[in-house]
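Below: one structure, written as structure tokens.
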Amino acid sequence: MHDVTRVEKLIEIDAPTGTIWAVLTDPSYLPKLYPDIVTVEANPPGRTVRGQNCTLIGRVGTSKIRVAIQFTTVDPEVRLVSKSIPGGLFASFEHTITLEPMGPRTMTNARFDYSLSPQYLEKVPDAKLLEHVVEDNLRIYIRNLKEICELLPLPE
Amino acid sequence: MRTVHETVLVQATPAAVWEVLVDPHFTPKLYPDILNMRAEPPGRAVVGQKRTVAGKAGKRLIEFRTEVVGLVPLKRFELAGREGGAFESLSEVIELAEAKGGTQLTVTFVFKVSESYFGPQFDVLTLEQMAVRNQEVYVKNLKELSELNSIE
């Protein structure tokens, strides 16, 4: 059993739950939400459904890393949970995001519980850097989610 | 019309650069202000592939449309704008040439911002500067992503 790290952030987003849900369930946004994720491939492609797998390629320094996740709970506009699939960067990973409407705004909670794969840590040139990069990415995720969801359409 | 012309040496093979160029999954990561992109048909670039791109200009959501108009494997990648959206006209040509130490990359981006799309509240010069900055960062990111090493 590995030590599990928790990163959690509660934030108010100035957008309705529907807007946030649309971003959360479109895997093509993942590289914009996590600063060091480079690409994502979803299977099946398209909007997130329960059981959808995503393979994410990221970077740490000049090295590529791979993360595979599966969406395990898709409760529309309320809760989205993803977990890691064995074989990538994480020994364990669970990301839970919950939305609570507050009029036109949304209270959004993002929680990550994870431990890094020891086998993976042995392979990277700088394991400490990898640990920092992972934590930074998870912290920045919620800030980017807020920024994207609060974008406004052009005036008519 | 504004033109951005950049040349850079990428420390990777033309094949590694080409892989990044033709895979639309990389596009949002290459341009700082592009959020996502839909390609039709989906998947790797083919001549005639139509792309609809969502991005941001300041705090506003914008959209523009492109089409892959030229592909010479490992040598030349060409996009043209389609009607509607943030650009009145757009052309992007990326040329690759094998060079000592990697790949010589030449990127030429010619564009005109659509004033009618943005309306009078927007300053065209500021929008042009945003587009120029995106294209400059694109070249830097394309180099960085092409140079990544696999550790698996």
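Starting from 1 in every chain, residues are counted up; chains themselves are A, B, ... following the order of the structure tokens, and ligands are numbered from 1 as listed.
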Residues near Ser63 of chain A, anyone? I mean within 9 Å using only C-alpha atoms, not counting same-chain ones fewer than 6 positions away, as a PDB file with C-alpha atoms, in the first residue's frame.
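Listing of part_21.pdb after writing:
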ATOM      1  CA  VAL A 124      12.093   9.176 -14.673  1.00  0.00           C
ATOM      2  CA  PRO A 125      15.349  11.128 -14.490  1.00  0.00           C
TER       3      PRO A 125
ATOM      4  CA  GLU B 147      11.522  16.804 -28.714  1.00  0.00           C
ATOM      5  CA  LEU B 148       9.897  14.882 -25.844  1.00  0.00           C
ATOM      6  CA  ASN B 149      11.452  11.506 -25.078  1.00  0.00           C
ATOM      7  CA  SER B 150       9.504   8.420 -24.222  1.00  0.00           C
ATOM      8  CA  ILE B 151      10.456   6.793 -20.921  1.00  0.00           C
TER       9      ILE B 151
END
Practice problem: Please report as a ChimeraX atom specification which residues of chain A come no farther than 12 Å from chain B, using only C-alpha atoms. | Solution: /A:23,26-42,45-46,55-67,87-89,119-126,144-156
If you keep C-alpha atoms, can you produce a file of those selected residues as a short mmCIF file (atom, residue, chain, number, x, y, z; two decimals), in the first residue's frame?
data_model
loop_
_atom_site.label_atom_id
_atom_site.label_comp_id
_atom_site.auth_asym_id
_atom_site.auth_seq_id
_atom_site.Cartn_x
_atom_site.Cartn_y
_atom_site.Cartn_z
CA VAL A 23 -16.47 21.28 -20.08
CA ASP A 26 -15.64 16.87 -23.02
CA PRO A 27 -12.27 15.07 -22.75
CA SER A 28 -10.78 17.34 -25.39
CA TYR A 29 -10.57 20.03 -22.68
CA LEU A 30 -8.29 17.92 -20.47
CA PRO A 31 -5.03 19.22 -22.02
CA LYS A 32 -6.22 22.76 -21.29
CA LEU A 33 -7.20 21.93 -17.72
CA TYR A 34 -3.92 20.23 -16.77
CA PRO A 35 -0.94 22.36 -17.80
CA ASP A 36 1.39 19.44 -18.51
CA ILE A 37 -1.03 17.13 -20.27
CA VAL A 38 -0.23 17.22 -23.95
CA THR A 39 -2.88 15.04 -25.59
CA VAL A 40 -5.85 12.88 -24.71
CA GLU A 41 -7.51 10.01 -26.52
CA ALA A 42 -10.95 8.96 -25.35
CA PRO A 45 -14.61 9.10 -28.43
CA GLY A 46 -16.88 12.02 -27.65
CA THR A 55 -5.27 7.87 -22.21
CA LEU A 56 -3.43 11.05 -21.43
CA ILE A 57 0.12 11.83 -22.50
CA GLY A 58 1.91 14.40 -20.41
CA ARG A 59 5.37 15.80 -19.96
CA VAL A 60 7.76 16.12 -17.10
CA GLY A 61 10.80 18.05 -18.18
CA THR A 62 11.72 16.51 -21.52
CA SER A 63 10.12 13.14 -20.79
CA LYS A 64 6.72 11.83 -21.82
CA ILE A 65 4.51 10.26 -19.19
CA ARG A 66 1.30 8.26 -19.63
CA VAL A 67 -1.83 8.24 -17.51
CA GLY A 87 -0.03 0.61 -15.83
CA GLY A 88 0.62 4.34 -15.98
CA LEU A 89 1.98 7.06 -13.76
CA GLN A 119 8.02 1.59 -10.98
CA TYR A 120 7.35 4.82 -12.84
CA LEU A 121 9.32 6.91 -10.36
CA GLU A 122 12.34 4.68 -10.97
CA LYS A 123 12.16 5.36 -14.70
CA VAL A 124 12.09 9.18 -14.67
CA PRO A 125 15.35 11.13 -14.49
CA ASP A 126 14.11 13.29 -11.59
CA ASN A 144 -8.19 26.57 -15.33
CA LEU A 145 -11.65 25.01 -15.05
CA LYS A 146 -12.94 28.26 -13.54
CA GLU A 147 -11.28 30.37 -16.23
CA ILE A 148 -12.64 28.31 -19.13
CA CYS A 149 -16.16 28.06 -17.71
CA GLU A 150 -16.34 31.80 -17.10
CA LEU A 151 -15.56 32.72 -20.71
CA LEU A 152 -18.38 34.69 -22.29
CA PRO A 153 -19.84 34.40 -25.78
CA LEU A 154 -19.29 37.35 -28.08
CA PRO A 155 -22.04 40.00 -27.91
CA GLU A 156 -24.71 39.56 -30.59
#
Quiz item: If you run DSSP on the backbone, which residues of segment 5-154 of chain A are helix (DSSP H, G or I), as a PyMOL selection string?
Solution: chain A and resi 17-24+27-33+118-123+127-149
Suppose we keep C-alpha atoms; can you now write the selection as a short mmCIF file (atom, residue, chain, number, x, y, z; two decimals), in the first residue's frame?
data_model
loop_
_atom_site.label_atom_id
_atom_site.label_comp_id
_atom_site.auth_asym_id
_atom_site.auth_seq_id
_atom_site.Cartn_x
_atom_site.Cartn_y
_atom_site.Cartn_z
CA THR A 17 -23.69 23.87 -13.60
CA GLY A 18 -24.61 23.07 -17.23
CA THR A 19 -21.65 25.08 -18.56
CA ILE A 20 -19.22 23.42 -16.14
CA TRP A 21 -20.62 19.99 -16.88
CA ALA A 22 -20.18 20.59 -20.62
CA VAL A 23 -16.47 21.28 -20.08
CA LEU A 24 -15.96 18.42 -17.60
CA PRO A 27 -12.27 15.07 -22.75
CA SER A 28 -10.78 17.34 -25.39
CA TYR A 29 -10.57 20.03 -22.68
CA LEU A 30 -8.29 17.92 -20.47
CA PRO A 31 -5.03 19.22 -22.02
CA LYS A 32 -6.22 22.76 -21.29
CA LEU A 33 -7.20 21.93 -17.72
CA PRO A 118 7.13 3.31 -7.70
CA GLN A 119 8.02 1.59 -10.98
CA TYR A 120 7.35 4.82 -12.84
CA LEU A 121 9.32 6.91 -10.36
CA GLU A 122 12.34 4.68 -10.97
CA LYS A 123 12.16 5.36 -14.70
CA ALA A 127 11.49 11.73 -9.30
CA LYS A 128 11.18 14.84 -7.09
CA LEU A 129 10.42 16.95 -10.13
CA LEU A 130 7.72 14.48 -11.14
CA GLU A 131 6.09 14.69 -7.69
CA HIS A 132 6.06 18.51 -7.88
CA VAL A 133 4.72 18.54 -11.42
CA VAL A 134 1.86 16.21 -10.51
CA GLU A 135 0.83 18.25 -7.48
CA ASP A 136 1.06 21.55 -9.41
CA ASN A 137 -1.07 20.16 -12.23
CA LEU A 138 -3.80 19.04 -9.86
CA ARG A 139 -3.83 22.42 -8.10
CA ILE A 140 -3.92 24.40 -11.35
CA TYR A 141 -6.70 22.20 -12.78
CA ILE A 142 -9.46 23.89 -10.78
CA ARG A 143 -8.18 27.38 -11.61
CA ASN A 144 -8.19 26.57 -15.33
CA LEU A 145 -11.65 25.01 -15.05
CA LYS A 146 -12.94 28.26 -13.54
CA GLU A 147 -11.28 30.37 -16.23
CA ILE A 148 -12.64 28.31 -19.13
CA CYS A 149 -16.16 28.06 -17.71
#
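Compared by their closest atoms to Glu95 of chain B, and using only C-alpha atoms, the residues B:Ala80, B:Ala54, B:Ala45, B:Leu21 rank with B:Leu21 nearest.
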Quiz item: Using only C-alpha atoms, which residues sit within 9 Å of Lys9 of chain A once same-chain residues fewer than 2 positions away are excluded, as a list of chain:residue names?
Solution: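 Near Lys9 of chain A, the qualifying residues are A:Val7, A:Ile11, A:Thr108, A:Asn109, A:Ala110, A:Arg111, A:Arg139, A:Ile142.
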Self-check item: Spatial neighbours of Glu98 of chain B, max dist 10 Å, only C-alpha atoms, sep filter under 2 positions, as a ChimeraX atom specification
Solution: /B:9-10,12-15,74-75,96,100-105
Residues from last step as file, N, CA and C atoms, as a PDB file, in the first residue's frame:
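Generated file (result27.pdb):
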ATOM      1  N   LEU B   9      15.113  25.233 -35.502  1.00  0.00           N
ATOM      2  CA  LEU B   9      15.685  23.893 -35.606  1.00  0.00           C
ATOM      3  C   LEU B   9      15.105  23.041 -34.480  1.00  0.00           C
ATOM      4  N   VAL B  10      14.448  21.949 -34.846  1.00  0.00           N
ATOM      5  CA  VAL B  10      13.879  21.023 -33.860  1.00  0.00           C
ATOM      6  C   VAL B  10      14.819  19.840 -33.726  1.00  0.00           C
ATOM      7  N   ALA B  12      14.685  16.772 -33.347  1.00  0.00           N
ATOM      8  CA  ALA B  12      13.901  15.539 -33.505  1.00  0.00           C
ATOM      9  C   ALA B  12      13.825  15.252 -34.994  1.00  0.00           C
ATOM     10  N   THR B  13      13.493  14.025 -35.325  1.00  0.00           N
ATOM     11  CA  THR B  13      13.419  13.654 -36.743  1.00  0.00           C
ATOM     12  C   THR B  13      12.187  14.296 -37.389  1.00  0.00           C
ATOM     13  N   PRO B  14      12.204  14.449 -38.715  1.00  0.00           N
ATOM     14  CA  PRO B  14      10.994  14.947 -39.391  1.00  0.00           C
ATOM     15  C   PRO B  14       9.765  14.091 -39.048  1.00  0.00           C
ATOM     16  N   ALA B  15       9.974  12.775 -38.863  1.00  0.00           N
ATOM     17  CA  ALA B  15       8.839  11.892 -38.550  1.00  0.00           C
ATOM     18  C   ALA B  15       8.223  12.255 -37.193  1.00  0.00           C
ATOM     19  N   LEU B  74       6.011  14.362 -44.276  1.00  0.00           N
ATOM     20  CA  LEU B  74       7.350  14.699 -43.742  1.00  0.00           C
ATOM     21  C   LEU B  74       7.942  15.968 -44.347  1.00  0.00           C
ATOM     22  N   LYS B  75       7.164  16.660 -45.194  1.00  0.00           N
ATOM     23  CA  LYS B  75       7.730  17.841 -45.858  1.00  0.00           C
ATOM     24  C   LYS B  75       6.880  19.105 -45.721  1.00  0.00           C
ATOM     25  N   LEU B  96       9.013  21.265 -43.531  1.00  0.00           N
ATOM     26  CA  LEU B  96      10.017  20.528 -42.771  1.00  0.00           C
ATOM     27  C   LEU B  96      11.159  20.143 -43.705  1.00  0.00           C
ATOM     28  N   LYS B 100      21.079  18.925 -40.120  1.00  0.00           N
ATOM     29  CA  LYS B 100      22.036  18.345 -39.174  1.00  0.00           C
ATOM     30  C   LYS B 100      21.511  18.605 -37.764  1.00  0.00           C
ATOM     31  N   GLY B 101      21.344  17.559 -36.995  1.00  0.00           N
ATOM     32  CA  GLY B 101      20.857  17.720 -35.616  1.00  0.00           C
ATOM     33  C   GLY B 101      19.351  17.695 -35.500  1.00  0.00           C
ATOM     34  N   GLY B 102      18.640  17.471 -36.597  1.00  0.00           N
ATOM     35  CA  GLY B 102      17.194  17.378 -36.458  1.00  0.00           C
ATOM     36  C   GLY B 102      16.430  17.811 -37.691  1.00  0.00           C
ATOM     37  N   THR B 103      15.469  18.717 -37.484  1.00  0.00           N
ATOM     38  CA  THR B 103      14.572  19.131 -38.556  1.00  0.00           C
ATOM     39  C   THR B 103      14.478  20.659 -38.581  1.00  0.00           C
ATOM     40  N   GLN B 104      14.692  21.207 -39.749  1.00  0.00           N
ATOM     41  CA  GLN B 104      14.505  22.652 -39.921  1.00  0.00           C
ATOM     42  C   GLN B 104      13.023  22.884 -40.207  1.00  0.00           C
ATOM     43  N   LEU B 105      12.433  23.720 -39.387  1.00  0.00           N
ATOM     44  CA  LEU B 105      10.989  23.958 -39.484  1.00  0.00           C
ATOM     45  C   LEU B 105      10.765  25.404 -39.907  1.00  0.00           C
TER      46      LEU B 105
END
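In this structure, atom CA of Val4 of chain B sits 7.8 Å away from atom CA of Val107 of chain B.
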Quiz prompt | Picked from chain B by DSSP as strand (DSSP E), as an MDAnalysis selection string | solution = chainID B and resid 2:10 34:40 50:57 60:72 76:85 87:99 102:113 149:150
Practice problem: Determine, counting only C-alpha atoms, which protein, DNA and RNA residues have an atom within 6 Å of an atom of segment 78-82 of chain A; residues of the same chain fewer than 3 positions away are not included. Present the result as a PyMOL selection string. | Solution: chain A and resi 70-75+94-99
Practice problem: Find the spatial neighbours of Phe90 of chain A, counting only C-alpha atoms, within a cut-off of 8 Å - ignore same-chain residues fewer than 6 positions away - and output them as a PyMOL selection string. | Solution: chain A and resi 67+84+114-117
Quiz item: Which value, in Å to one decimal, gives the distance between atom CA of Ala15 of chain A and atom CA of Leu125 of chain B?
Solution: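 Separation between atom CA of Ala15 of chain A and atom CA of Leu125 of chain B: 29.7 Å.
Here atom CA of Phe109 of chain B stands at a distance of 5.7 Å from atom CA of Ser91 of chain B.
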